[in-house]
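Structure file data14.txt (compact mmCIF, C-alpha atoms) follows.
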# COMPACT_ATOMS: atom_id res chain seq x y z
CA MET R 49 47.88 48.19 15.47
CA SER R 50 51.31 49.20 14.33
CA ALA R 51 52.94 48.26 11.05
CA GLY R 52 55.28 46.06 13.08
CA TRP R 53 52.37 43.96 14.31
CA TRP R 54 51.19 43.20 10.75
CA ARG R 55 54.78 42.32 9.76
CA ARG R 56 55.14 39.95 12.69
CA GLN R 57 51.75 38.29 12.21
CA TRP R 58 51.70 37.92 8.40
CA PRO R 59 52.16 34.12 8.30
CA TRP R 60 49.20 33.71 10.69
CA LEU R 61 47.10 36.21 8.78
CA LEU R 62 47.88 34.48 5.50
CA GLY R 63 47.04 31.10 7.02
CA ALA R 64 43.75 32.44 8.39
CA ALA R 65 42.84 33.89 4.98
CA VAL R 66 43.61 30.57 3.24
CA LEU R 67 41.60 28.65 5.85
CA ALA R 68 38.64 31.04 5.53
CA ALA R 69 38.65 30.67 1.72
CA GLY R 70 38.96 26.91 2.14
CA THR R 71 35.90 26.66 4.36
CA VAL R 72 33.84 28.23 1.58
CA VAL R 73 35.42 26.51 -1.41
CA TRP R 74 35.88 22.99 -0.03
CA PRO R 75 32.18 22.21 0.67
CA HIS R 76 31.32 23.52 -2.80
CA PHE R 77 33.72 21.17 -4.57
CA ASP R 78 32.79 18.37 -2.19
CA ARG R 79 29.18 18.73 -3.31
CA GLN R 80 30.18 18.95 -6.94
CA SER R 81 32.18 15.74 -6.66
CA LEU R 82 28.97 13.92 -5.67
CA ILE R 83 27.49 14.75 -9.04
CA THR R 84 29.68 12.36 -10.96
CA PHE R 85 27.05 10.72 -13.11
CA HIS R 86 27.74 11.30 -16.77
CA ARG R 87 30.53 13.79 -16.28
CA LYS R 88 32.23 15.08 -19.39
CA ASP R 89 35.64 13.89 -18.17
CA ALA R 90 34.23 10.40 -17.56
CA ALA R 91 33.81 9.88 -21.30
CA ARG R 92 36.05 7.30 -22.96
CA ALA R 93 36.34 8.40 -26.57
CA VAL R 94 36.37 5.69 -29.22
CA PRO R 95 37.40 6.62 -32.78
CA ALA R 96 35.08 5.65 -35.63
CA GLY R 97 35.17 1.95 -36.41
CA ALA R 98 37.47 1.11 -33.48
CA TRP R 99 36.85 -1.23 -30.55
CA GLY R 100 36.35 0.39 -27.15
CA ARG R 101 36.73 -1.37 -23.84
CA TYR R 102 34.07 -0.80 -21.17
CA ALA R 103 32.51 -2.76 -18.29
CA GLY R 104 33.87 -6.20 -19.10
CA ALA R 105 33.31 -6.14 -22.83
CA GLU R 106 34.61 -4.70 -26.07
CA TRP R 107 32.28 -2.59 -28.14
CA ARG R 108 32.39 -1.39 -31.72
CA LEU R 109 29.95 0.81 -33.57
CA ARG R 110 29.64 -0.73 -37.01
CA GLY R 111 27.45 1.99 -38.43
CA VAL R 112 24.33 4.09 -38.36
CA THR R 113 21.87 4.00 -41.23
CA VAL R 114 18.91 6.23 -41.91
CA GLN R 115 15.81 4.12 -42.55
CA ASP R 116 13.99 4.95 -45.74
CA ARG R 117 10.62 6.37 -44.70
CA SER R 118 8.80 4.47 -47.44
CA MET R 119 10.10 1.21 -45.97
CA LEU R 120 8.59 1.88 -42.54
CA PRO R 121 5.19 0.36 -41.70
CA ARG R 122 2.30 2.58 -42.74
CA ASP R 123 0.60 2.29 -39.38
CA LEU R 124 3.67 3.68 -37.63
CA ARG R 125 2.49 7.17 -36.65
CA LEU R 126 5.54 9.39 -36.64
CA PRO R 127 5.78 13.19 -36.54
CA ALA R 128 6.29 14.69 -40.01
CA ASN R 129 9.87 15.70 -39.22
CA ALA R 130 10.86 12.33 -37.74
CA ARG R 131 13.57 10.04 -39.04
CA VAL R 132 14.38 6.51 -37.89
CA LEU R 133 18.08 5.72 -37.51
CA LEU R 134 19.35 2.20 -37.00
CA THR R 135 22.61 1.59 -35.16
CA GLU R 136 24.58 -1.61 -35.45
CA LEU R 137 26.71 -2.39 -32.46
CA GLU R 138 29.18 -5.25 -32.26
CA ILE R 139 29.83 -6.63 -28.78
CA ARG R 140 32.53 -8.99 -27.55
CA PRO R 141 31.86 -9.81 -23.86
CA ASP R 142 34.70 -11.13 -21.71
CA GLN R 143 34.53 -14.78 -20.75
CA THR R 144 34.02 -15.25 -17.02
CA ALA R 145 33.87 -18.27 -14.72
CA ILE R 146 30.08 -18.36 -15.02
CA GLY R 147 29.82 -17.70 -18.75
CA GLU R 148 30.26 -14.18 -20.09
CA SER R 149 29.95 -10.62 -18.77
CA GLY R 150 26.40 -9.36 -18.43
CA VAL R 151 26.11 -6.45 -20.86
CA GLY R 152 22.37 -6.60 -21.47
CA ARG R 153 21.38 -3.48 -19.52
CA CYS R 154 22.87 -0.93 -21.89
CA ALA R 155 21.63 2.63 -22.22
CA LEU R 156 22.44 4.13 -25.60
CA THR R 157 22.10 7.80 -26.48
CA LEU R 158 22.80 9.50 -29.77
CA ARG R 159 23.97 13.05 -29.01
CA ASP R 160 24.36 15.92 -31.45
CA GLY R 161 26.78 18.85 -31.38
CA ARG R 162 24.19 21.00 -29.56
CA GLY R 163 24.05 18.55 -26.65
CA ARG R 164 20.61 17.12 -27.49
CA GLY R 165 20.29 13.41 -26.77
CA TRP R 166 17.98 10.69 -28.09
CA ARG R 167 17.65 7.29 -26.41
CA ALA R 168 17.51 4.00 -28.24
CA SER R 169 14.19 2.21 -28.78
CA PRO R 170 11.81 5.00 -27.71
CA GLU R 171 8.21 4.10 -26.87
CA THR R 172 6.98 5.15 -30.32
CA LEU R 173 9.18 2.53 -31.95
CA THR R 174 8.62 -0.37 -29.52
CA THR R 175 5.99 -2.16 -31.58
CA TYR R 176 7.91 -1.56 -34.79
CA SER R 177 11.14 -2.82 -33.17
CA ARG R 178 9.47 -6.02 -32.04
CA ARG R 179 7.99 -6.66 -35.47
CA ALA R 180 11.20 -5.84 -37.32
CA GLY R 181 13.24 -8.08 -35.02
CA PHE R 182 15.40 -5.31 -33.51
CA GLN R 183 16.74 -5.70 -30.01
CA LEU R 184 15.55 -3.67 -27.04
CA ASP R 185 18.87 -4.01 -25.18
CA CYS R 186 22.44 -5.23 -25.72
CA ALA R 187 21.97 -8.84 -24.57
CA ARG R 188 23.15 -11.63 -26.87
CA PRO R 189 20.23 -12.59 -29.15
CA ARG R 190 18.51 -15.75 -27.96
CA GLY R 191 19.76 -18.95 -29.45
CA GLU R 192 23.20 -17.57 -30.35
CA PRO R 193 26.07 -19.58 -28.81
CA ALA R 194 28.15 -17.78 -26.18
CA GLY R 195 31.70 -16.89 -27.14
CA PRO R 196 31.99 -15.13 -30.50
CA PRO R 197 31.19 -11.41 -30.92
CA TYR R 198 27.57 -10.63 -31.83
CA VAL R 199 25.69 -7.72 -33.34
CA VAL R 200 22.70 -5.84 -31.91
CA ARG R 201 20.58 -3.46 -33.96
CA LEU R 202 18.78 -0.67 -32.10
CA PRO R 203 16.52 2.01 -33.63
CA PHE R 204 16.43 5.71 -32.72
CA LEU R 205 13.89 8.40 -33.55
CA LEU R 206 15.43 11.77 -34.40
CA PRO R 207 14.20 14.99 -35.99
CA ASP R 208 15.34 15.37 -39.59
CA ASP R 209 17.29 18.58 -38.90
CA VAL R 210 20.09 16.55 -37.29
CA PRO R 211 22.72 15.45 -39.82
CA PRO R 212 24.02 11.96 -38.91
CA THR R 213 27.57 13.31 -39.25
CA ASP R 214 26.91 15.58 -36.25
CA LEU R 215 26.17 12.64 -33.96
CA ARG R 216 28.12 10.57 -31.45
CA LEU R 217 26.92 7.47 -29.62
CA GLU R 218 27.12 7.36 -25.82
CA LEU R 219 26.98 3.96 -24.18
CA LEU R 220 26.76 3.01 -20.53
CA LEU R 221 25.50 0.06 -18.55
CA LEU R 222 22.80 0.69 -15.96
CA PRO R 223 23.45 -0.92 -13.56
CA LEU R 224 26.99 -2.15 -14.03
CA PRO R 225 27.29 -5.96 -13.96
CA PRO R 226 28.02 -7.40 -10.49
CA GLY R 227 31.71 -7.50 -9.67
CA SER R 228 32.60 -4.94 -12.34
CA ASP R 229 35.51 -2.67 -11.40
CA GLU R 230 34.32 0.03 -13.82
CA ARG R 231 33.76 3.55 -12.42
CA SER R 232 30.01 4.18 -12.24
CA GLU R 233 30.28 7.49 -14.07
CA ALA R 234 32.40 6.14 -16.97
CA TYR R 235 30.83 5.75 -20.40
CA LEU R 236 31.89 5.15 -23.98
CA ASP R 237 31.68 8.10 -26.33
CA MET R 238 31.81 6.59 -29.81
CA ALA R 239 32.37 8.47 -33.04
CA LEU R 240 30.21 7.56 -35.99
CA PRO R 241 31.89 6.52 -39.24
CA GLY R 242 32.36 9.78 -41.18
CA GLY R 243 31.23 11.82 -38.17
CA ARG R 244 32.80 14.35 -35.82
CA MET S 100 55.85 51.93 40.70
CA ASN S 101 57.42 54.39 38.30
CA ALA S 102 56.19 55.52 34.85
CA ALA S 103 58.68 53.31 32.93
CA ALA S 104 57.33 50.17 34.56
CA ALA S 105 53.69 51.18 34.04
CA GLN S 106 54.13 51.68 30.26
CA PRO S 107 54.68 47.97 29.26
CA SER S 108 51.83 46.73 31.45
CA PHE S 109 49.45 49.26 29.84
CA GLN S 110 50.58 48.07 26.38
CA ARG S 111 50.02 44.46 27.41
CA LEU S 112 46.59 45.31 28.68
CA ARG S 113 45.72 47.07 25.40
CA ARG S 114 46.95 44.12 23.33
CA PHE S 115 44.98 41.75 25.54
CA ALA S 116 41.84 43.85 25.08
CA LEU S 117 42.38 44.00 21.31
CA ASN S 118 42.88 40.23 21.08
CA ALA S 119 39.77 39.66 23.15
CA VAL S 120 37.74 41.92 20.84
CA VAL S 121 39.09 40.17 17.72
CA LEU S 122 38.33 36.79 19.27
CA LEU S 123 34.80 37.83 20.19
CA LEU S 124 34.22 39.22 16.69
CA ALA S 125 35.47 35.96 15.13
CA ALA S 126 33.25 33.92 17.43
CA ALA S 127 30.28 36.16 16.56
CA ALA S 128 31.03 35.76 12.84
CA LEU S 129 31.18 31.97 13.24
CA PHE S 130 27.92 31.97 15.18
CA TRP S 131 26.25 34.15 12.52
CA LEU S 132 27.52 31.91 9.69
CA HIS S 133 26.32 28.82 11.51
CA ARG S 134 22.86 30.28 12.10
CA HIS S 135 22.53 31.44 8.51
CA GLU S 136 23.90 28.34 6.81
CA PRO S 137 21.33 27.22 4.21
CA SER S 138 19.49 24.09 5.23
CA TYR S 139 19.66 20.88 3.24
CA MET S 140 16.26 21.68 1.71
CA GLU S 141 17.34 25.21 0.78
CA ARG S 142 20.59 24.07 -0.79
CA PHE S 143 18.87 21.58 -3.06
CA ALA S 144 15.69 23.58 -3.59
CA PRO S 145 14.43 23.82 -7.17
CA ILE S 146 15.37 26.87 -9.19
CA LEU S 147 12.19 28.70 -10.18
CA VAL S 148 11.97 29.91 -13.78
CA ARG S 149 8.99 32.23 -14.05
CA GLY S 150 6.89 33.00 -17.09
CA THR S 151 3.53 34.21 -18.33
CA PRO S 152 1.06 32.84 -20.91
CA GLY S 153 2.15 33.62 -24.45
CA GLU S 154 5.84 33.50 -23.54
CA ALA S 155 8.07 30.55 -24.48
CA VAL S 156 9.78 29.84 -21.17
CA GLN S 157 13.19 28.25 -21.55
CA ALA S 158 14.42 26.22 -18.58
CA ARG S 159 17.25 23.70 -18.36
CA GLY S 160 16.31 20.94 -20.78
CA LEU S 161 12.74 22.13 -21.21
CA ARG S 162 10.85 24.78 -23.21
CA ILE S 163 7.23 25.48 -22.33
CA GLU S 164 4.59 27.79 -23.67
CA ILE S 165 1.02 28.24 -22.57
CA PRO S 166 -0.34 29.75 -25.80
CA ALA S 167 -2.05 33.07 -25.14
CA ASP S 168 -4.34 32.66 -28.15
CA LEU S 169 -5.84 29.40 -26.81
CA ALA S 170 -8.30 29.86 -24.00
CA LEU S 171 -8.50 28.19 -20.64
CA GLU S 172 -11.65 26.09 -20.50
CA THR S 173 -13.74 24.83 -17.62
CA GLY S 174 -16.28 22.04 -17.22
CA ARG S 175 -18.35 20.28 -14.57
CA VAL S 176 -17.73 16.71 -15.81
CA LEU S 177 -14.58 15.39 -17.47
CA VAL S 178 -15.30 13.02 -20.36
CA THR S 179 -12.44 10.65 -21.23
CA PRO S 180 -12.20 7.79 -23.76
CA GLY S 181 -13.88 4.54 -22.79
CA ILE S 182 -12.21 1.17 -22.49
CA THR S 183 -13.12 0.12 -26.03
CA GLY S 184 -14.05 2.05 -29.14
CA SER S 185 -17.75 1.22 -28.85
CA ALA S 186 -17.93 1.66 -25.05
CA PRO S 187 -19.42 4.90 -23.77
CA PRO S 188 -16.80 7.45 -22.72
CA ASP S 189 -15.98 7.61 -19.01
CA GLU S 190 -17.39 10.53 -17.07
CA GLN S 191 -15.75 12.01 -14.00
CA PRO S 192 -18.00 14.56 -12.30
CA SER S 193 -16.41 17.12 -10.00
CA SER S 194 -17.80 18.99 -7.02
CA GLY S 195 -15.50 21.80 -8.14
CA LEU S 196 -14.41 22.47 -11.70
CA TRP S 197 -12.28 20.83 -14.34
CA LEU S 198 -9.82 23.35 -15.73
CA SER S 199 -8.29 22.69 -19.13
CA VAL S 200 -4.94 24.41 -19.80
CA PRO S 201 -3.44 24.50 -23.32
CA VAL S 202 0.30 23.82 -23.46
CA ARG S 203 3.14 23.42 -25.90
CA ILE S 204 6.16 21.66 -24.41
CA GLU S 205 9.48 20.39 -25.70
CA ALA S 206 12.53 18.69 -24.20
CA THR S 207 15.60 20.57 -25.40
CA LEU S 208 18.40 18.30 -24.17
CA ASP S 209 17.40 14.78 -23.16
CA SER S 210 14.26 12.73 -23.61
CA ASP S 211 12.17 12.37 -20.49
CA ARG S 212 8.66 12.54 -19.12
CA PHE S 213 7.46 15.80 -17.66
CA LYS S 214 5.55 16.44 -14.49
CA VAL S 215 3.05 19.23 -14.00
CA PHE S 216 0.77 20.48 -11.24
CA LEU S 217 -1.24 23.58 -10.42
CA ARG S 218 -0.50 25.57 -7.30
CA ASP S 219 -2.98 27.93 -5.71
CA ARG S 220 -2.30 31.03 -3.65
CA ASP S 221 -2.20 29.04 -0.41
CA GLY S 222 0.40 26.61 -1.77
CA ARG S 223 -2.06 23.76 -2.33
CA GLU S 224 -1.20 21.63 -5.32
CA TYR S 225 -3.43 19.90 -7.85
CA ALA S 226 -2.26 17.01 -10.05
CA PRO S 227 -3.52 16.64 -13.61
CA ALA S 228 -5.90 13.94 -14.81
CA ASP S 229 -3.98 10.99 -16.24
CA GLN S 230 -3.83 10.39 -19.94
CA SER S 231 -6.09 7.49 -20.94
CA PRO S 232 -4.35 4.31 -22.13
CA ALA S 233 -6.30 4.52 -25.41
CA GLU S 234 -4.10 4.21 -28.50
CA PRO S 235 -4.13 7.47 -30.54
CA GLY S 236 -6.21 7.09 -33.66
CA ARG S 237 -8.25 4.24 -32.20
CA ALA S 238 -11.65 3.68 -33.77
CA PHE S 239 -14.52 5.39 -31.97
CA ASN S 240 -18.18 4.58 -32.54
CA HIS S 241 -20.65 5.72 -29.98
CA GLY S 242 -23.81 7.82 -29.73
CA GLY S 243 -24.02 8.32 -33.47
CA GLU S 244 -20.42 9.54 -33.67
CA GLY S 245 -17.88 7.56 -35.65
CA GLY S 246 -14.28 8.08 -36.66
CA ARG S 247 -10.84 7.98 -35.16
CA MET S 248 -10.24 9.24 -31.68
CA PHE S 249 -7.34 11.48 -30.70
CA GLU S 250 -6.77 12.55 -27.13
CA SER S 251 -5.71 16.09 -26.33
CA ASN S 252 -4.47 15.23 -22.82
CA ILE S 253 -0.67 15.17 -22.83
CA ALA S 254 -0.10 14.73 -19.07
CA GLY S 255 3.04 12.72 -18.36
CA GLU S 256 3.86 12.26 -22.02
CA SER S 257 7.40 11.26 -22.92
CA LEU S 258 9.14 14.23 -24.52
CA VAL S 259 11.85 13.93 -27.15
CA PRO S 260 14.11 16.79 -28.35
CA GLY S 261 13.00 18.08 -31.73
CA PHE S 262 9.40 16.88 -31.34
CA PRO S 263 7.34 19.44 -29.41
CA ALA S 264 4.13 18.12 -27.86
CA SER S 265 0.99 20.26 -28.08
CA GLY S 266 -2.20 19.56 -26.24
CA ARG S 267 -4.07 20.23 -23.06
CA LEU S 268 -3.85 19.41 -19.37
CA TYR S 269 -6.91 18.81 -17.21
CA PHE S 270 -7.01 19.66 -13.51
CA GLU S 271 -9.74 19.28 -10.95
CA VAL S 272 -9.79 22.44 -8.85
CA PRO S 273 -12.24 23.72 -6.18
CA SER S 274 -14.42 26.44 -7.75
CA ASP S 275 -13.18 29.12 -5.36
CA ARG S 276 -9.49 28.36 -5.97
CA LEU S 277 -9.14 29.49 -9.57
CA GLU S 278 -7.88 32.96 -8.73
CA GLY S 279 -4.09 33.25 -8.75
CA LEU S 280 -3.38 29.74 -10.01
CA HIS S 281 0.12 28.97 -11.26
CA ALA S 282 1.11 26.01 -13.43
CA ARG S 283 4.41 24.36 -12.49
CA PHE S 284 6.41 22.02 -14.70
CA HIS S 285 9.61 20.05 -14.40
CA LEU S 286 11.36 17.46 -16.52
CA GLY S 287 11.57 13.92 -15.16
CA VAL S 288 9.19 12.04 -12.91
CA MET S 289 11.19 12.97 -9.80
CA GLU S 290 12.54 16.38 -8.94
CA THR S 291 16.32 16.29 -8.67
CA PRO S 292 18.45 18.71 -6.58
CA ASN S 293 18.48 22.23 -7.99
CA ASP S 294 16.12 21.16 -10.74
CA ASN S 295 14.57 23.87 -12.88
CA LEU S 296 10.93 24.35 -11.99
CA VAL S 297 8.97 26.39 -14.50
CA ASP S 298 6.29 28.50 -12.87
CA ILE S 299 3.72 30.12 -15.15
CA ASP S 300 1.14 32.49 -13.71
CA LEU S 301 -2.09 31.63 -15.53
CA GLY S 302 -3.20 35.24 -15.08
CA ILE S 303 -6.54 34.44 -13.44
CA ASP S 304 -7.69 37.50 -11.50
CA HIS S 305 -10.98 37.79 -9.60
CA HIS S 306 -13.04 38.79 -12.67
CA ARG S 307 -11.54 36.04 -14.84
CA ALA S 308 -12.16 33.46 -12.13
CA LEU S 309 -15.83 34.45 -12.03
CA ALA S 310 -16.01 34.35 -15.85
CA LEU S 311 -14.43 30.86 -15.91
CA GLN S 312 -16.90 29.62 -13.30
CA ALA S 313 -19.81 31.00 -15.30
CA ALA S 314 -18.50 29.59 -18.58
CA ALA S 315 -18.11 26.02 -17.29
CA THR S 316 -19.57 23.59 -19.80
CA PRO S 317 -21.56 20.63 -18.47
CA LYS S 318 -19.16 18.19 -20.17
CA LEU S 319 -15.48 18.82 -20.95
CA ARG S 320 -14.07 16.29 -23.38
CA THR S 321 -10.40 15.28 -23.43
CA PHE S 322 -10.56 13.88 -26.95
CA ILE S 323 -11.77 14.70 -30.43
CA VAL S 324 -13.22 12.37 -33.02
CA ARG S 325 -12.16 12.86 -36.60
CA GLU S 326 -14.79 11.57 -38.94
CA GLY S 327 -14.23 9.86 -42.23
CA VAL S 328 -10.83 8.41 -41.43
CA LEU S 329 -12.01 5.00 -40.32
What would the structure in this file look like if it were written as structure tokens?
Amino acid sequence: MSAGWWRRQWPWLLGAAVLAAGTVVWPHFDRQSLITFHRKDAARAVPAGAWGRYAGAEWRLRGVTVQDRSMLPRDLRLPANARVLLTELEIRPDQTAIGESGVGRCALTLRDGRGRGWRASPETLTTYSRRAGFQLDCARPRGEPAGPPYVVRLPFLLPDDVPPTDLRLELLLLPLPPGSDERSEAYLDMALPGGR
Amino acid sequence: MNAAAAQPSFQRLRRFALNAVVLLLAAAALFWLHRHEPSYMERFAPILVRGTPGEAVQARGLRIEIPADLALETGRVLVTPGITGSAPPDEQPSSGLWLSVPVRIEATLDSDRFKVFLRDRDGREYAPADQSPAEPGRAFNHGGEGGRMFESNIAGESLVPGFPASGRLYFEVPSDRLEGLHARFHLGVMETPNDNLVDIDLGIDHHRALALQAAATPKLRTFIVREGVL
């Protein structure tokens, strides 16, 4: 084929090349877009001590305290390097026609700078939580009147090589309350007081 | 027809032939791509991470080691904790063998349960014996033995980053299937698309398989009793 042919056909050739690349790239990104759960860009950062809005409620991390090991029950069998952290979360659910937003089904994760995550109320601490009167979820404690903000306290079990200042709290509701217009992959990424 | 008139028609014919060849090549390429497109199962197949005993195998979110210094053990009957501390332990006889595999396992990103199974050379899979619901450290008093009971079986245990779990896994395997066994692990109860699947060759050749068969103890216990801590 002569040089003239290439010159005449270049728009078509360019179009064909773009189309060919597209047929490879598009399905890849299409697949990637399906994996939206807990994407980095779905995080809604909340500065330390501030209120964050998520799934029909306002949330504020009041603080995280390290439990003194000597204060823990003696029959609580923990690994030697374990440390119990207690988070205090303040919640202000929106008022709805049928009461207030359902925020009970919260999943909380403390995550360190290396990407390691620890869930709230692990199995090891269930009995201790029940005895100490800590919550197992974010629902309003029984007997408290609906309306004003309330506080839930949830324990975590972490190894002692994780400085609390290296942690952030991730919060999402699983499943989202019915009628919520929140994106399913969105979550709150809350800074700890004095943390990163 | 003169030569001047024949020239353009020959050029047209050549261009037509060239276009036809290009079109056929493109169609062939499309056909080839279509035939070789990975299937749904292939696209989401687990990613195998291979290892050997004695090596700490690092997969996504999971680190596993089958310690080389701890031996594989075999037994004819699996003895697990009884319902109560004073009840006799449960016994599960096997027409094959119970194989006990030492393991050290740690979640490196998120907390989750792990799943494990053995796979033989023909692709048959063997699930581990479940952990007993007995509370660790529960009192044990039976057959003249007394103390606190700790189970070594860690099948399905919930793993937490920073807290490695060490113990054993117990599998019931036909006696003639020991050779070439691989242990496979993944994090989470369900396998997710493109999940990391750790595959560790237990290194059982023909001679070792025979030795393990010969060394099978009548009773293989999944727990130990520590005396004096009652």
Counting only C-alpha atoms, find the residues whose atoms lie at most 10 Å from (32.6, -6.1, -32.9) (file coordinates) and write them out as a VMD selection string.
-> chain R and resid 97 to 100 106 to 110 136 to 141 196 to 200
For chain S, which residues have at least one atom within 6 Å of chain R, if we go by all atoms listed in the file? Write them as a ChimeraX atom specification, please.
-> /S:208-209,261
Write out as lines of an AutoDock Vina configuration file an axis-aligned box for range 52-59 of chain R: all of its atoms listed in the file, 3 Å added on each side, centre and edge lengths in Å with one decimal.
center_x = 53.2
center_y = 40.1
center_z = 11.3
size_x = 10.1
size_y = 17.9
size_z = 12.0
How many Å lie between CA of Glu164 in chain S and CA of Val297 in chain S, rounded to one decimal?
->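 Calculated distance between CA of Glu164 in chain S and CA of Val297 in chain S is 10.3 Å.
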Interatomic distance, CA of Asp116 in chain R to CA of Glu192 in chain R (Å, one decimal) =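 These atoms are spaced 28.8 Å apart.
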Could you check which of S:Ile253, S:Leu319, S:Ala314, S:Ala233 is closest to Arg267 in chain S, using all atoms listed in the file?
->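 Closest residue, counting all atoms listed in the file: S:Ile253.
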In terms of only C-alpha atoms, the residue from S:Pro137, S:Pro188, S:Gly150, S:Pro201 at minimal distance from Gly266 in chain S is S:Pro201
So how many Å separate CA of Ala228 in chain S and CA of Glu190 in chain S, to one decimal?
->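 Going from CA of Ala228 in chain S over to CA of Glu190 in chain S, I get 12.2 Å.
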So which one's closest to Phe143 in chain S, S:Gly302, S:Gly242, S:Pro292, S:Gly222? Using all atoms listed in the file, please.
->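 The closest residue to Phe143 in chain S is S:Pro292.
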Would you kindly return, as an NGL selection string, each protein, DNA or RNA residue with an atom no farther than 10 Å from any atom of Pro121 in chain R, considering only C-alpha atoms and excluding same-chain residues fewer than 3 positions away?
-> :R and (117-118 or 124-125 or 176 or 179-180)
Subset file: range 138-198 of chain R, C-alpha atoms, as a PDB file, in the first residue's frame:
ATOM      1  CA  GLU R 138     -22.219  10.261  69.896  1.00  0.00           C
ATOM      2  CA  ILE R 139     -25.165   9.807  67.529  1.00  0.00           C
ATOM      3  CA  ARG R 140     -27.907  12.229  66.541  1.00  0.00           C
ATOM      4  CA  PRO R 141     -30.422  10.392  64.300  1.00  0.00           C
ATOM      5  CA  ASP R 142     -32.723  12.417  62.047  1.00  0.00           C
ATOM      6  CA  GLN R 143     -36.362  12.553  63.053  1.00  0.00           C
ATOM      7  CA  THR R 144     -38.594  10.793  60.550  1.00  0.00           C
ATOM      8  CA  ALA R 145     -42.349  10.338  60.201  1.00  0.00           C
ATOM      9  CA  ILE R 146     -42.158   7.017  62.038  1.00  0.00           C
ATOM     10  CA  GLY R 147     -39.741   8.042  64.776  1.00  0.00           C
ATOM     11  CA  GLU R 148     -36.033   8.312  64.011  1.00  0.00           C
ATOM     12  CA  SER R 149     -33.586   6.905  61.458  1.00  0.00           C
ATOM     13  CA  GLY R 150     -32.547   3.315  62.069  1.00  0.00           C
ATOM     14  CA  VAL R 151     -28.808   3.443  62.758  1.00  0.00           C
ATOM     15  CA  GLY R 152     -28.513   0.282  64.841  1.00  0.00           C
ATOM     16  CA  ARG R 153     -26.735  -1.896  62.273  1.00  0.00           C
ATOM     17  CA  CYS R 154     -23.402  -0.118  62.346  1.00  0.00           C
ATOM     18  CA  ALA R 155     -20.109  -1.755  61.467  1.00  0.00           C
ATOM     19  CA  LEU R 156     -17.159  -0.028  63.100  1.00  0.00           C
ATOM     20  CA  THR R 157     -13.526  -0.669  62.234  1.00  0.00           C
ATOM     21  CA  LEU R 158     -10.440   0.883  63.738  1.00  0.00           C
ATOM     22  CA  ARG R 159      -7.767   1.037  61.025  1.00  0.00           C
ATOM     23  CA  ASP R 160      -4.080   1.787  61.451  1.00  0.00           C
ATOM     24  CA  GLY R 161      -1.648   3.436  59.048  1.00  0.00           C
ATOM     25  CA  ARG R 162      -0.597   0.025  57.690  1.00  0.00           C
ATOM     26  CA  GLY R 163      -4.159  -0.753  56.592  1.00  0.00           C
ATOM     27  CA  ARG R 164      -4.879  -3.314  59.327  1.00  0.00           C
ATOM     28  CA  GLY R 165      -8.450  -3.217  60.604  1.00  0.00           C
ATOM     29  CA  TRP R 166     -10.085  -4.341  63.853  1.00  0.00           C
ATOM     30  CA  ARG R 167     -13.856  -4.661  64.243  1.00  0.00           C
ATOM     31  CA  ALA R 168     -15.807  -3.517  67.257  1.00  0.00           C
ATOM     32  CA  SER R 169     -16.992  -6.025  69.872  1.00  0.00           C
ATOM     33  CA  PRO R 170     -15.027  -9.085  68.720  1.00  0.00           C
ATOM     34  CA  GLU R 171     -16.103 -12.518  69.962  1.00  0.00           C
ATOM     35  CA  THR R 172     -13.448 -12.548  72.687  1.00  0.00           C
ATOM     36  CA  LEU R 173     -14.995  -9.469  74.277  1.00  0.00           C
ATOM     37  CA  THR R 174     -18.691 -10.360  73.933  1.00  0.00           C
ATOM     38  CA  THR R 175     -19.149 -11.676  77.467  1.00  0.00           C
ATOM     39  CA  TYR R 176     -17.091  -8.836  78.922  1.00  0.00           C
ATOM     40  CA  SER R 177     -19.093  -6.266  76.906  1.00  0.00           C
ATOM     41  CA  ARG R 178     -22.374  -7.638  78.180  1.00  0.00           C
ATOM     42  CA  ARG R 179     -21.186  -7.598  81.782  1.00  0.00           C
ATOM     43  CA  ALA R 180     -19.663  -4.131  81.534  1.00  0.00           C
ATOM     44  CA  GLY R 181     -22.811  -2.727  79.918  1.00  0.00           C
ATOM     45  CA  PHE R 182     -21.223  -1.815  76.571  1.00  0.00           C
ATOM     46  CA  GLN R 183     -23.339  -1.832  73.447  1.00  0.00           C
ATOM     47  CA  LEU R 184     -23.003  -4.375  70.669  1.00  0.00           C
ATOM     48  CA  ASP R 185     -24.317  -1.984  67.998  1.00  0.00           C
ATOM     49  CA  CYS R 186     -25.229   1.688  67.520  1.00  0.00           C
ATOM     50  CA  ALA R 187     -28.920   1.474  68.474  1.00  0.00           C
ATOM     51  CA  ARG R 188     -30.235   3.904  71.086  1.00  0.00           C
ATOM     52  CA  PRO R 189     -29.848   2.266  74.522  1.00  0.00           C
ATOM     53  CA  ARG R 190     -33.137   0.814  75.757  1.00  0.00           C
ATOM     54  CA  GLY R 191     -35.214   3.081  77.889  1.00  0.00           C
ATOM     55  CA  GLU R 192     -33.677   6.305  76.543  1.00  0.00           C
ATOM     56  CA  PRO R 193     -36.277   8.702  75.089  1.00  0.00           C
ATOM     57  CA  ALA R 194     -36.079   9.298  71.335  1.00  0.00           C
ATOM     58  CA  GLY R 195     -34.943  12.726  70.211  1.00  0.00           C
ATOM     59  CA  PRO R 196     -31.760  13.926  71.924  1.00  0.00           C
ATOM     60  CA  PRO R 197     -28.294  12.690  70.865  1.00  0.00           C
ATOM     61  CA  TYR R 198     -27.059   9.594  72.701  1.00  0.00           C
TER      62      TYR R 198
END
